[in-house]
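Chemist: My structure is stored as work.cif, with mmCIF, C-alpha atoms and all ligand atoms.
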data_protein
loop_
_atom_site.label_atom_id
_atom_site.label_comp_id
_atom_site.auth_asym_id
_atom_site.auth_seq_id
_atom_site.Cartn_x
_atom_site.Cartn_y
_atom_site.Cartn_z
CA MET N 1 95.76 81.36 61.54
CA ALA N 2 97.25 83.96 63.89
CA LYS N 3 98.03 87.30 62.27
CA GLU N 4 101.75 87.79 61.63
CA ILE N 5 103.08 90.95 63.23
CA ASN N 6 105.76 92.92 61.38
CA THR N 7 105.59 96.34 62.99
CA ILE N 8 104.87 97.03 66.63
CA GLY N 9 103.78 100.39 68.01
CA VAL N 10 104.24 101.39 71.65
CA LEU N 11 102.61 104.19 73.61
CA THR N 12 102.23 105.38 77.21
CA SER N 13 98.84 106.70 78.31
CA GLY N 14 97.15 108.16 81.39
CA GLY N 15 99.25 109.17 84.42
CA ASP N 16 102.99 108.55 84.01
CA ALA N 17 104.79 106.16 86.35
CA PRO N 18 108.46 105.45 87.10
CA GLY N 19 109.50 102.34 85.15
CA MET N 20 107.57 103.23 82.00
CA ASN N 21 110.90 103.94 80.30
CA ALA N 22 112.23 100.55 81.34
CA ALA N 23 109.13 98.98 79.74
CA ILE N 24 109.54 101.02 76.53
CA ARG N 25 113.21 100.05 76.34
CA ALA N 26 112.36 96.38 76.77
CA VAL N 27 109.65 96.56 74.10
CA VAL N 28 111.99 98.26 71.63
CA ARG N 29 114.90 95.89 72.17
CA GLU N 30 112.87 92.67 72.38
CA ALA N 31 111.05 93.65 69.17
CA ILE N 32 114.33 94.28 67.35
CA VAL N 33 115.77 90.97 68.58
CA LYS N 34 112.62 89.25 67.28
CA GLY N 35 113.12 90.86 63.85
CA LYS N 36 110.22 93.34 64.12
CA LYS N 37 110.08 97.02 63.28
CA ILE N 38 109.19 99.24 66.21
CA LYS N 39 107.48 102.62 66.23
CA GLY N 40 107.02 104.94 69.19
CA ILE N 41 103.72 106.78 69.40
CA LYS N 42 104.07 110.03 71.34
CA ARG N 43 101.54 111.46 73.82
CA GLY N 44 99.34 108.38 74.14
CA TYR N 45 96.15 108.17 72.08
CA ALA N 46 96.29 111.93 71.48
CA GLY N 47 99.60 111.48 69.64
CA LEU N 48 98.21 108.51 67.73
CA LEU N 49 95.36 110.66 66.40
CA GLN N 50 97.86 113.42 65.53
CA GLU N 51 100.15 110.83 63.84
CA GLU N 52 103.05 111.64 66.15
CA ILE N 53 104.75 108.39 65.25
CA ILE N 54 108.51 107.83 65.16
CA ASP N 55 110.70 104.92 64.08
CA MET N 56 112.70 103.60 67.00
CA GLN N 57 116.09 101.91 67.04
CA ALA N 58 117.92 100.22 69.91
CA LYS N 59 120.00 103.35 70.54
CA ASP N 60 116.88 105.49 71.01
CA VAL N 61 116.32 103.84 74.37
CA SER N 62 119.95 104.02 75.54
CA ASP N 63 120.38 105.68 78.91
CA THR N 64 116.67 105.55 79.72
CA ILE N 65 116.16 102.60 82.09
CA GLN N 66 117.11 104.71 85.11
CA LYS N 67 114.95 107.70 84.17
CA GLY N 68 111.55 108.58 85.61
CA GLY N 69 108.66 109.85 83.47
CA THR N 70 108.14 108.56 79.96
CA ILE N 71 110.33 109.41 76.96
CA LEU N 72 107.24 109.00 74.75
CA GLN N 73 105.28 111.52 76.86
CA THR N 74 101.75 110.74 77.93
CA ALA N 75 98.34 112.34 77.65
CA ARG N 76 94.67 111.90 78.27
CA CYS N 77 92.55 112.06 75.11
CA MET N 78 88.79 112.56 75.03
CA GLU N 79 88.54 112.09 71.25
CA PHE N 80 89.76 108.52 71.56
CA THR N 81 86.81 107.62 73.80
CA THR N 82 84.48 108.10 70.81
CA PRO N 83 83.87 105.41 68.13
CA GLU N 84 85.01 107.90 65.46
CA GLY N 85 88.27 108.57 67.33
CA GLN N 86 88.90 104.85 67.76
CA GLN N 87 88.26 104.15 64.03
CA LYS N 88 90.61 107.02 63.13
CA GLY N 89 93.25 105.52 65.46
CA ALA N 90 92.96 102.07 63.86
CA ASP N 91 93.15 103.60 60.36
CA ILE N 92 96.28 105.56 61.34
CA CYS N 93 97.88 102.35 62.69
CA ARG N 94 97.23 100.67 59.31
CA LYS N 95 98.53 103.68 57.40
CA HIS N 96 101.81 103.43 59.33
CA GLY N 97 101.98 99.65 58.97
CA ILE N 98 101.45 99.13 62.71
CA ASP N 99 99.81 95.72 63.09
CA GLY N 100 100.42 95.29 66.81
CA ILE N 101 100.35 97.89 69.57
CA ILE N 102 101.54 97.85 73.18
CA VAL N 103 99.70 100.22 75.50
CA ILE N 104 101.35 101.06 78.82
CA GLY N 105 98.81 102.60 81.21
CA GLY N 106 95.91 101.90 83.52
CA ASP N 107 92.38 100.57 83.13
CA GLY N 108 91.26 103.55 81.03
CA SER N 109 94.11 102.99 78.60
CA PHE N 110 93.21 99.29 78.43
CA ARG N 111 89.66 100.23 77.42
CA GLY N 112 91.21 102.10 74.50
CA ALA N 113 93.38 99.07 73.65
CA GLN N 114 90.29 96.85 73.76
CA LYS N 115 88.62 99.10 71.15
CA LEU N 116 91.68 98.97 68.87
CA ALA N 117 91.75 95.17 69.17
CA ALA N 118 88.08 95.02 68.12
CA LEU N 119 89.02 97.09 65.07
CA GLY N 120 91.68 94.56 64.03
CA ILE N 121 94.87 96.01 65.54
CA ASN N 122 96.47 93.40 67.80
CA THR N 123 96.90 94.90 71.25
CA ILE N 124 98.65 94.08 74.51
CA GLY N 125 98.30 96.21 77.67
CA LEU N 126 101.00 96.67 80.29
CA PRO N 127 99.89 97.82 83.76
CA GLY N 128 101.49 101.22 84.33
CA THR N 129 100.24 103.22 87.31
CA ILE N 130 101.59 104.24 90.71
CA ASP N 131 98.18 103.43 92.22
CA LEU N 132 98.39 99.58 92.10
CA ASP N 133 94.68 99.67 91.28
CA ILE N 134 94.56 97.21 88.38
CA ALA N 135 92.59 94.18 89.53
CA CYS N 136 94.24 91.44 87.48
CA THR N 137 97.74 92.08 88.80
CA GLU N 138 99.54 92.22 92.13
CA TYR N 139 102.16 94.54 90.62
CA THR N 140 101.87 97.70 88.53
CA ILE N 141 104.76 99.58 86.96
CA GLY N 142 105.67 102.53 89.20
CA PHE N 143 104.02 101.56 92.48
CA ASP N 144 107.24 100.37 94.10
CA THR N 145 109.10 103.58 93.29
CA ALA N 146 106.18 105.82 94.28
CA VAL N 147 105.58 104.11 97.59
CA ASN N 148 109.30 104.26 98.43
CA THR N 149 109.37 107.97 97.55
CA ALA N 150 106.35 108.58 99.79
CA MET N 151 107.82 106.45 102.58
CA GLU N 152 111.09 108.40 102.59
CA ALA N 153 109.23 111.72 102.60
CA ILE N 154 107.01 110.61 105.49
CA ASP N 155 110.09 109.54 107.51
CA LYS N 156 111.36 113.11 107.16
CA VAL N 157 108.06 114.67 108.22
CA ARG N 158 107.98 112.30 111.18
CA ASP N 159 111.35 113.61 112.45
CA THR N 160 110.10 117.17 112.70
CA SER N 161 106.68 116.04 113.94
CA THR N 162 108.38 114.22 116.85
CA SER N 163 110.64 117.18 117.68
CA HIS N 164 107.66 119.52 117.90
CA GLU N 165 105.30 116.93 119.41
CA ARG N 166 102.82 117.56 116.66
CA CYS N 167 100.18 115.71 114.76
CA SER N 168 101.01 115.46 111.04
CA ILE N 169 98.56 114.69 108.30
CA ILE N 170 100.44 113.53 105.22
CA GLU N 171 98.47 113.22 102.03
CA VAL N 172 99.64 110.64 99.52
CA MET N 173 98.37 110.01 95.98
CA GLY N 174 95.46 107.73 95.20
CA ARG N 175 92.14 109.25 94.27
CA GLY N 176 90.21 106.00 94.24
CA ALA N 177 92.77 103.60 95.64
CA GLY N 178 94.39 103.49 99.07
CA TYR N 179 97.34 101.18 98.30
CA ILE N 180 100.03 103.87 98.65
CA ALA N 181 98.40 105.04 101.91
CA LEU N 182 98.09 101.50 103.28
CA TRP N 183 101.68 100.56 102.44
CA CYS N 184 103.03 103.83 103.88
CA GLY N 185 100.82 103.41 106.93
CA ILE N 186 102.58 100.13 107.67
CA ALA N 187 106.06 101.11 106.44
CA ASN N 188 106.10 104.42 108.30
CA GLY N 189 104.41 103.18 111.45
CA ALA N 190 101.60 105.69 111.11
CA GLU N 191 99.21 106.10 114.01
CA ASP N 192 96.23 106.25 111.62
CA ILE N 193 95.57 105.72 107.92
CA LEU N 194 92.63 107.06 105.97
CA LEU N 195 91.80 105.05 102.86
CA PRO N 196 89.07 105.86 100.31
CA GLU N 197 87.97 102.20 100.49
CA LYS N 198 87.51 102.25 104.26
CA TYR N 199 86.98 105.79 105.52
CA ASP N 200 83.77 106.34 107.51
CA TYR N 201 84.13 110.14 107.88
CA ASP N 202 83.96 109.76 111.68
CA GLU N 203 86.48 112.48 112.59
CA GLN N 204 85.58 112.26 116.27
CA LYS N 205 87.10 108.74 116.34
CA LEU N 206 90.33 110.21 114.98
CA VAL N 207 90.25 113.02 117.55
CA ASN N 208 89.73 110.50 120.41
CA HIS N 209 92.59 108.39 119.09
CA ILE N 210 94.95 111.40 119.11
CA ILE N 211 93.93 112.41 122.66
CA GLU N 212 94.37 108.84 123.98
CA SER N 213 97.71 108.44 122.29
CA ARG N 214 98.91 111.77 123.74
CA LYS N 215 97.86 110.56 127.20
CA ARG N 216 99.97 107.43 126.62
CA GLY N 217 102.95 109.71 126.01
CA LYS N 218 103.28 109.45 122.22
CA LYS N 219 105.29 112.38 120.93
CA HIS N 220 103.93 112.52 117.40
CA PHE N 221 100.77 111.36 115.66
CA ILE N 222 101.18 110.54 111.98
CA ILE N 223 98.06 110.28 109.86
CA VAL N 224 98.56 109.05 106.30
CA ASN N 225 95.63 110.39 104.34
CA ALA N 226 94.84 109.24 100.79
CA GLU N 227 94.19 111.87 98.12
CA GLY N 228 90.71 110.40 97.59
CA ILE N 229 89.72 111.63 101.07
CA GLY N 230 91.78 114.80 100.72
CA HIS N 231 90.98 118.03 102.59
CA SER N 232 94.16 117.58 104.67
CA ALA N 233 94.61 121.30 105.40
CA SER N 234 91.09 121.85 106.75
CA MET N 235 91.23 118.52 108.60
CA ALA N 236 94.44 119.72 110.30
CA LYS N 237 92.71 122.90 111.50
CA ARG N 238 89.73 120.96 112.89
CA ILE N 239 91.95 118.39 114.61
CA GLU N 240 94.13 121.07 116.21
CA ALA N 241 91.02 122.85 117.52
CA ALA N 242 89.47 119.64 118.87
CA THR N 243 92.61 118.11 120.44
CA GLY N 244 94.76 121.10 121.34
CA VAL N 245 97.63 119.28 119.60
CA GLU N 246 99.47 121.41 117.06
CA THR N 247 98.70 119.89 113.67
CA ARG N 248 100.26 120.37 110.22
CA ALA N 249 99.28 119.07 106.80
CA THR N 250 101.75 118.03 104.10
CA ILE N 251 100.60 117.12 100.62
CA LEU N 252 103.25 115.05 98.84
CA GLY N 253 101.62 115.41 95.42
CA HIS N 254 103.29 114.74 92.10
CA MET N 255 106.76 114.14 93.54
CA GLN N 256 105.40 110.59 94.03
CA ARG N 257 105.05 110.15 90.26
CA GLY N 258 108.63 111.07 89.41
CA GLY N 259 112.14 109.92 90.11
CA SER N 260 114.45 107.12 89.12
CA PRO N 261 112.66 103.74 89.25
CA THR N 262 113.61 101.22 91.92
CA CYS N 263 115.33 97.98 90.98
CA LYS N 264 112.01 96.14 91.24
CA ASP N 265 110.26 98.56 88.89
CA ARG N 266 113.13 98.32 86.37
CA VAL N 267 113.22 94.52 86.41
CA TYR N 268 109.46 93.90 86.43
CA ALA N 269 108.77 96.59 83.80
CA SER N 270 111.52 95.13 81.61
CA THR N 271 110.13 91.60 81.96
CA MET N 272 106.60 92.76 81.20
CA GLY N 273 107.77 94.78 78.18
CA ALA N 274 109.53 91.77 76.70
CA LEU N 275 106.55 89.52 77.42
CA ALA N 276 104.21 91.93 75.63
CA VAL N 277 106.33 91.67 72.48
CA ASP N 278 106.52 87.87 72.76
CA LEU N 279 102.72 87.67 73.09
CA LEU N 280 102.26 89.81 69.96
CA CYS N 281 104.76 87.59 68.12
CA GLU N 282 102.64 84.56 69.11
CA GLY N 283 99.66 86.25 67.46
CA LYS N 284 97.92 87.12 70.73
CA THR N 285 95.66 90.16 70.95
CA ASN N 286 93.33 91.85 73.45
CA ARG N 287 95.56 90.70 76.32
CA VAL N 288 96.93 92.45 79.37
CA VAL N 289 100.10 91.40 81.16
CA GLY N 290 99.97 90.93 84.92
CA TYR N 291 101.94 89.52 87.84
CA ARG N 292 100.22 86.93 90.02
CA HIS N 293 101.45 84.35 92.52
CA GLY N 294 105.08 84.93 91.58
CA ASP N 295 104.62 84.68 87.81
CA PHE N 296 104.26 87.04 84.87
CA VAL N 297 101.00 86.07 83.18
CA ASP N 298 98.48 87.45 80.69
CA PHE N 299 94.70 87.82 80.72
CA ASP N 300 92.03 88.65 78.21
CA ILE N 301 91.45 92.42 78.52
CA ASP N 302 87.67 92.00 78.84
CA GLU N 303 88.19 89.54 81.68
CA ALA N 304 90.86 91.74 83.29
CA LEU N 305 88.58 94.78 83.23
CA SER N 306 85.74 92.86 84.86
CA MET N 307 87.90 91.77 87.81
CA THR N 308 87.75 93.55 91.15
CA LYS N 309 90.37 93.92 93.83
CA GLU N 310 90.02 94.71 97.51
CA ILE N 311 92.40 96.33 99.95
CA SER N 312 93.74 93.56 102.23
CA GLU N 313 91.53 93.56 105.32
CA TYR N 314 94.30 91.80 107.23
CA GLN N 315 96.93 94.42 106.40
CA TYR N 316 94.47 97.18 107.22
CA GLN N 317 93.74 95.62 110.61
CA ILE N 318 97.38 95.03 111.53
CA SER N 319 98.25 98.61 110.59
CA LYS N 320 95.77 99.62 113.29
CA ASN N 321 97.11 97.05 115.78
CA PHE N 322 100.64 98.39 115.33
CA SER N 323 99.61 101.91 116.35
CA ILE N 324 99.15 101.04 120.05
P1 LIG B 401 94.53 105.27 83.04
O1 LIG B 401 94.92 104.56 81.80
O2 LIG B 401 95.68 105.60 83.92
O3 LIG B 401 93.37 104.59 83.76
P2 LIG B 401 92.68 107.29 82.05
O4 LIG B 401 91.46 106.68 82.67
O5 LIG B 401 92.87 108.78 82.11
O6 LIG B 401 94.03 106.72 82.64
O7 LIG B 401 92.69 106.81 80.53
C1 LIG B 401 93.74 107.18 79.67
C2 LIG B 401 93.19 107.39 78.30
O8 LIG B 401 92.65 106.15 77.78
C3 LIG B 401 92.04 108.37 78.18
O9 LIG B 401 92.46 109.70 78.14
C4 LIG B 401 91.41 107.96 76.88
O10 LIG B 401 92.13 108.47 75.77
C5 LIG B 401 91.59 106.44 76.90
N1 LIG B 401 90.36 105.81 77.37
C6 LIG B 401 89.85 105.82 78.62
N2 LIG B 401 88.65 105.21 78.67
C7 LIG B 401 88.38 104.81 77.41
C8 LIG B 401 87.28 104.12 76.78
N3 LIG B 401 86.23 103.72 77.48
N4 LIG B 401 87.35 103.89 75.46
C9 LIG B 401 88.43 104.28 74.74
N5 LIG B 401 89.47 104.94 75.25
C10 LIG B 401 89.47 105.19 76.57
O1 LIG B 402 96.73 107.48 88.60
C1 LIG B 402 97.88 108.05 89.11
C2 LIG B 402 97.58 109.35 89.83
O2 LIG B 402 98.78 109.92 90.26
C3 LIG B 402 96.58 109.22 90.98
O3 LIG B 402 97.16 108.75 92.18
C4 LIG B 402 96.09 110.64 91.09
O4 LIG B 402 94.83 110.68 91.67
C5 LIG B 402 96.04 111.08 89.66
O5 LIG B 402 96.95 110.26 88.94
C6 LIG B 402 96.41 112.52 89.45
O6 LIG B 402 96.38 112.78 88.11
P1 LIG B 402 96.84 114.16 87.42
O7 LIG B 402 97.29 115.07 88.47
O8 LIG B 402 97.91 113.76 86.47
O9 LIG B 402 95.62 114.60 86.70
#
Before anything else, please render the file you have as structure tokens.
Ligand code: ADP
Ligand code: F6P
Modeler:
Amino acid sequence: MAKEINTIGVLTSGGDAPGMNAAIRAVVREAIVKGKKIKGIKRGYAGLLQEEIIDMQAKDVSDTIQKGGTILQTARCMEFTTPEGQQKGADICRKHGIDGIIVIGGDGSFRGAQKLAALGINTIGLPGTIDLDIACTEYTIGFDTAVNTAMEAIDKVRDTSTSHERCSIIEVMGRGAGYIALWCGIANGAEDILLPEKYDYDEQKLVNHIIESRKRGKKHFIIVNAEGIGHSASMAKRIEAATGVETRATILGHMQRGGSPTCKDRVYASTMGALAVDLLCEGKTNRVVGYRHGDFVDFDIDEALSMTKEISEYQYQISKNFSI
């Protein structure tokens, strides 16, 4: 017999992402409609261990769908990676009557959810990260907003780069994942993109590409560099010295994590939030919600965490073809 869920807890964990508030709002309101109590856990697993737990009503999420960040705050928590921390977390859930918990975050946060599930707290994960680096899903909450923010910023840098006939290295977020860089590379018509998954550290190739493109009369040379490769400022100095082309570095940084979510992030995050509640109501546990082939679906967390995902070779190749 599936465990009946009466009280649902919701938390955001790891890096924040635009659309997390839309997901929280959907969880709160869907839970209330389904006759469940709903509690917000502040500051991710750190707040769970500190018992920063609040009752939530429908009005508590009014005026939040359009806001960036997360109204529940987020944190990274070392203590929760230990068996003792996880047992303490499960005990605190029971103490507060929380029998089901929705964790909005990335793979690390899902590992935490997996541990809570093993300790008897029903858990559902929602993919929340600007990096798009969760293997089981083609969509993650926040990517669409972040990549649009980066794209608009790169358009602006490109204007001044063209005026001054410069090379511009623009560093976008993504320590281990090049999705933001790849998408911006295509969307901004970059001359080169450097992705952690593909980079061969052959700077001479880049230098030759800039010199050739200058000979062909290109006024600017935009390089979208992923954070995982980094070193944009020193790379700019080396490129300027080797090519004679004035070169500037711009690091977009955390601006990519903030801002009002796009329509897509609001709608998808809302749908996923509601689905997470519905899955808990069906007695499901140790699941993660994803988006695949045009549908919102759910996977076993263990299975989801064992999946791998590759940067599209085709998109990577065409991004290079377009830079002729
Ligand atoms: P993300 O969820 O974005 O991948 P992190 O990897 O920083 O971000 O993980 C967020 C939090 O999830 C961590 O600070 C920690 O509290 C928890 N977490 C990460 N890995 C584990 C693990 N193996 N077991 C339990 N909890 C974990
Ligand atoms: O996972 C989201 C992300 O913004 C990555 O792109 C980046 O590498 C990382 O988080 C930065 O984390 P923070 O600055 O919050 O430690």
Chemist: Residues up to 8 Å from ligand LIG 402 (chain B), counting all atoms listed in the file: could you list those as a ChimeraX atom specification?
Modeler: /N:14-17,106,129-131,172-177,227-228,254,256-257
Chemist: Please produce a file of the residues just selected, as a tab-separated table (two decimals), in the coordinates of the input, where the atoms kept are C-alpha atoms.
Modeler:
chain	number	residue	atom	x	y	z
N	14	GLY	CA	97.15	108.16	81.39
N	15	GLY	CA	99.25	109.17	84.42
N	16	ASP	CA	102.99	108.55	84.01
N	17	ALA	CA	104.79	106.16	86.35
N	106	GLY	CA	95.91	101.90	83.52
N	129	THR	CA	100.24	103.22	87.31
N	130	ILE	CA	101.59	104.24	90.71
N	131	ASP	CA	98.18	103.43	92.22
N	172	VAL	CA	99.64	110.64	99.52
N	173	MET	CA	98.37	110.01	95.98
N	174	GLY	CA	95.46	107.73	95.20
N	175	ARG	CA	92.14	109.25	94.27
N	176	GLY	CA	90.21	106.00	94.24
N	177	ALA	CA	92.77	103.60	95.64
N	227	GLU	CA	94.19	111.87	98.12
N	228	GLY	CA	90.71	110.40	97.59
N	254	HIS	CA	103.29	114.74	92.10
N	256	GLN	CA	105.40	110.59	94.03
N	257	ARG	CA	105.05	110.15	90.26
Chemist: Taking 5 positions as the minimum chain separation for residues in the same chain, which residues sit within 10 Å of Ile251 in chain N when counting all atoms listed in the file? Answer as a list of chain:residue names.
Modeler: N:Ile169, N:Ile170, N:Glu171, N:Val172, N:Met173, N:Asn225, N:Ala226, N:Glu227, N:Gly230, N:His231, N:Ser232, N:Ala233
Chemist: Produce a file of the selected residues containing C-alpha atoms, as a PDB file, in the coordinates of the input.
Modeler:
ATOM      1  CA  ILE N 169      98.560 114.690 108.300  1.00  0.00           C
ATOM      2  CA  ILE N 170     100.440 113.530 105.220  1.00  0.00           C
ATOM      3  CA  GLU N 171      98.470 113.220 102.030  1.00  0.00           C
ATOM      4  CA  VAL N 172      99.640 110.640  99.520  1.00  0.00           C
ATOM      5  CA  MET N 173      98.370 110.010  95.980  1.00  0.00           C
ATOM      6  CA  ASN N 225      95.630 110.390 104.340  1.00  0.00           C
ATOM      7  CA  ALA N 226      94.840 109.240 100.790  1.00  0.00           C
ATOM      8  CA  GLU N 227      94.190 111.870  98.120  1.00  0.00           C
ATOM      9  CA  GLY N 230      91.780 114.800 100.720  1.00  0.00           C
ATOM     10  CA  HIS N 231      90.980 118.030 102.590  1.00  0.00           C
ATOM     11  CA  SER N 232      94.160 117.580 104.670  1.00  0.00           C
ATOM     12  CA  ALA N 233      94.610 121.300 105.400  1.00  0.00           C
TER      13      ALA N 233
END
Chemist: With 5 Å on each side, where is the centre of the axis-aligned box around all listed atoms of range 166-169 of chain N, and how long are its edges in Å to one decimal, as lines of an AutoDock Vina configuration file?
Modeler:
center_x = 100.7
center_y = 116.1
center_z = 112.5
size_x = 14.3
size_y = 12.9
size_z = 18.4
Chemist: Using all atoms listed in the file, which residues have at least one atom no more than 10 Å from ligand LIG 401 (chain B)? Output them as an NGL selection string.
Modeler: :N and (12-17 or 44-46 or 74-83 or 85-86 or 103-116 or 125 or 127-131 or 133-134)
Chemist: With distances taken over all atoms listed in the file, which of N:Gly19, N:Gly290, N:Pro196, N:Gly244 is nearest to Thr262 in chain N?
Modeler: N:Gly19
Chemist: Using only C-alpha atoms, can you tell me which of N:Ile102, N:Ile65, N:Ile223, N:Ala181 comes closest to Asn21 in chain N?
Modeler: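 So, comparing all the options, the nearest one is N:Ile65.
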Chemist: If we count all atoms listed in the file, what is near Cys281 in chain N at a cut-off of 10 Å, once residues fewer than 4 positions away on the same chain are taken out, given as a list in words?
Modeler: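 Counting only the stated atoms, we get Ala2, Lys3, Glu4, Ile5, Asn6, Ile8, Ala31, Lys34, Gly35, Lys36, Gly100, Leu275, Ala276, Val277 and Thr285 of chain N.
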Chemist: Please report the interatomic distance between CA of Asn188 in chain N and CA of Ile154 in chain N in Å with one decimal.
Modeler: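 Spanning CA of Asn188 in chain N to CA of Ile154 in chain N is a straight-line distance of 6.9 Å.
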Chemist: Which value, in Å to one decimal, gives the distance between CA of Ser270 in chain N and CA of Arg25 in chain N?
Modeler: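 Separation of CA of Ser270 in chain N and CA of Arg25 in chain N: 7.4 Å.
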Chemist: List as a list of chain:residue names the protein and nucleic acid residues near Arg158 in chain N, meaning an atom at most 8 Å away when only C-alpha atoms are counted, but skip any in the same chain fewer than 3 places from it.
Modeler: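 Using only C-alpha atoms, the neighbours found are N:Ile154, N:Asp155, N:Ser161, N:Thr162, N:Ser168, N:His220, N:Ile222.
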Chemist: Quick one: write out the picked residues with C-alpha atoms as a short mmCIF file (atom, residue, chain, number, x, y, z; two decimals), in the frame of the given file?
Modeler:
data_model
loop_
_atom_site.label_atom_id
_atom_site.label_comp_id
_atom_site.auth_asym_id
_atom_site.auth_seq_id
_atom_site.Cartn_x
_atom_site.Cartn_y
_atom_site.Cartn_z
CA ILE N 154 107.01 110.61 105.49
CA ASP N 155 110.09 109.54 107.51
CA SER N 161 106.68 116.04 113.94
CA THR N 162 108.38 114.22 116.85
CA SER N 168 101.01 115.46 111.04
CA HIS N 220 103.93 112.52 117.40
CA ILE N 222 101.18 110.54 111.98
#
Chemist: One decimal, Å: what's the distance from CA of Gln204 in chain N over to CA of Val245 in chain N, could you say?
Modeler: 14.3 Å
Chemist: Neighbours of Val207 in chain N within 7 Å (only C-alpha atoms; same-chain residues fewer than 5 positions away dropped), as an NGL selection string?
Modeler: :N and (239 or 242-243)
Chemist: So, counting only C-alpha atoms, which residue among N:Val147, N:Leu119, N:Ile71, N:Glu138 is closest to Glu84 in chain N?
Modeler: N:Leu119
Chemist: Point out the residue among N:Ile180, N:Leu279, N:Ile210, N:Ala153 with the least atom-to-atom distance to Asp192 in chain N, counting all atoms listed in the file.
Modeler: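 Checking each of N:Ile180, N:Leu279, N:Ile210, N:Ala153 against Asp192 in chain N, counting all atoms listed in the file, the winner is N:Ile210.
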Chemist: Please produce, as a tab-separated table, a per-residue contact table for range 115-233 of chain N versus range 306-319 of chain N (criterion: any atom at most 10 Å away, all atoms listed in the file considered), showing the nearest atom pair and its distance in Å to one decimal, sorted by chain then residue number.
Modeler:
residue	atom	partner	partner_atom	distance
N:Leu132	CA	N:Lys309	CA	10.0
N:Asp133	CA	N:Lys309	CA	7.6
N:Ile134	CA	N:Lys309	CA	7.6
N:Ala135	CA	N:Lys309	CA	4.8
N:Cys136	CA	N:Met307	CA	6.4
N:Thr137	CA	N:Lys309	CA	9.1
N:Glu138	CA	N:Lys309	CA	9.5
N:Ala177	CA	N:Ile311	CA	8.5
N:Gly178	CA	N:Ile311	CA	7.5
N:Tyr179	CA	N:Ile311	CA	7.1
N:Leu182	CA	N:Tyr316	CA	6.9
N:Trp183	CA	N:Gln315	CA	8.7
N:Cys184	CA	N:Ser319	CA	9.8
N:Gly185	CA	N:Ser319	CA	6.6
N:Ile186	CA	N:Ser319	CA	5.4
N:Ala187	CA	N:Ser319	CA	9.2
N:Gly189	CA	N:Ser319	CA	7.7
N:Ala190	CA	N:Ser319	CA	7.8
N:Glu191	CA	N:Ser319	CA	8.3
N:Asp192	CA	N:Ser319	CA	8.0
N:Ile193	CA	N:Ser319	CA	8.1
N:Leu195	CA	N:Ile311	CA	9.2
N:Glu197	CA	N:Ile311	CA	7.4
N:Lys198	CA	N:Ile311	CA	8.8
Chemist: Residues as selected, C-alpha atoms, written as a short mmCIF file (atom, residue, chain, number, x, y, z; two decimals), in the frame of the given file, can you do that?
Modeler:
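Written output follows (selection_32.cif):
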data_model
loop_
_atom_site.label_atom_id
_atom_site.label_comp_id
_atom_site.auth_asym_id
_atom_site.auth_seq_id
_atom_site.Cartn_x
_atom_site.Cartn_y
_atom_site.Cartn_z
CA LEU N 132 98.39 99.58 92.10
CA ASP N 133 94.68 99.67 91.28
CA ILE N 134 94.56 97.21 88.38
CA ALA N 135 92.59 94.18 89.53
CA CYS N 136 94.24 91.44 87.48
CA THR N 137 97.74 92.08 88.80
CA GLU N 138 99.54 92.22 92.13
CA ALA N 177 92.77 103.60 95.64
CA GLY N 178 94.39 103.49 99.07
CA TYR N 179 97.34 101.18 98.30
CA LEU N 182 98.09 101.50 103.28
CA TRP N 183 101.68 100.56 102.44
CA CYS N 184 103.03 103.83 103.88
CA GLY N 185 100.82 103.41 106.93
CA ILE N 186 102.58 100.13 107.67
CA ALA N 187 106.06 101.11 106.44
CA GLY N 189 104.41 103.18 111.45
CA ALA N 190 101.60 105.69 111.11
CA GLU N 191 99.21 106.10 114.01
CA ASP N 192 96.23 106.25 111.62
CA ILE N 193 95.57 105.72 107.92
CA LEU N 195 91.80 105.05 102.86
CA GLU N 197 87.97 102.20 100.49
CA LYS N 198 87.51 102.25 104.26
#
Chemist: N:Leu280, N:Ile54, N:Ser323, N:Val27: which is nearest Phe221 in chain N, counting only C-alpha atoms?
Modeler: N:Ser323
Chemist: Applying 6 Å and all atoms listed in the file, which residues near Lys42 in chain N remain after dropping the ones on its own chain fewer than 3 positions away? List them as a list in words.
Modeler: Gly47, Glu52, Leu72 and Gln73 of chain N
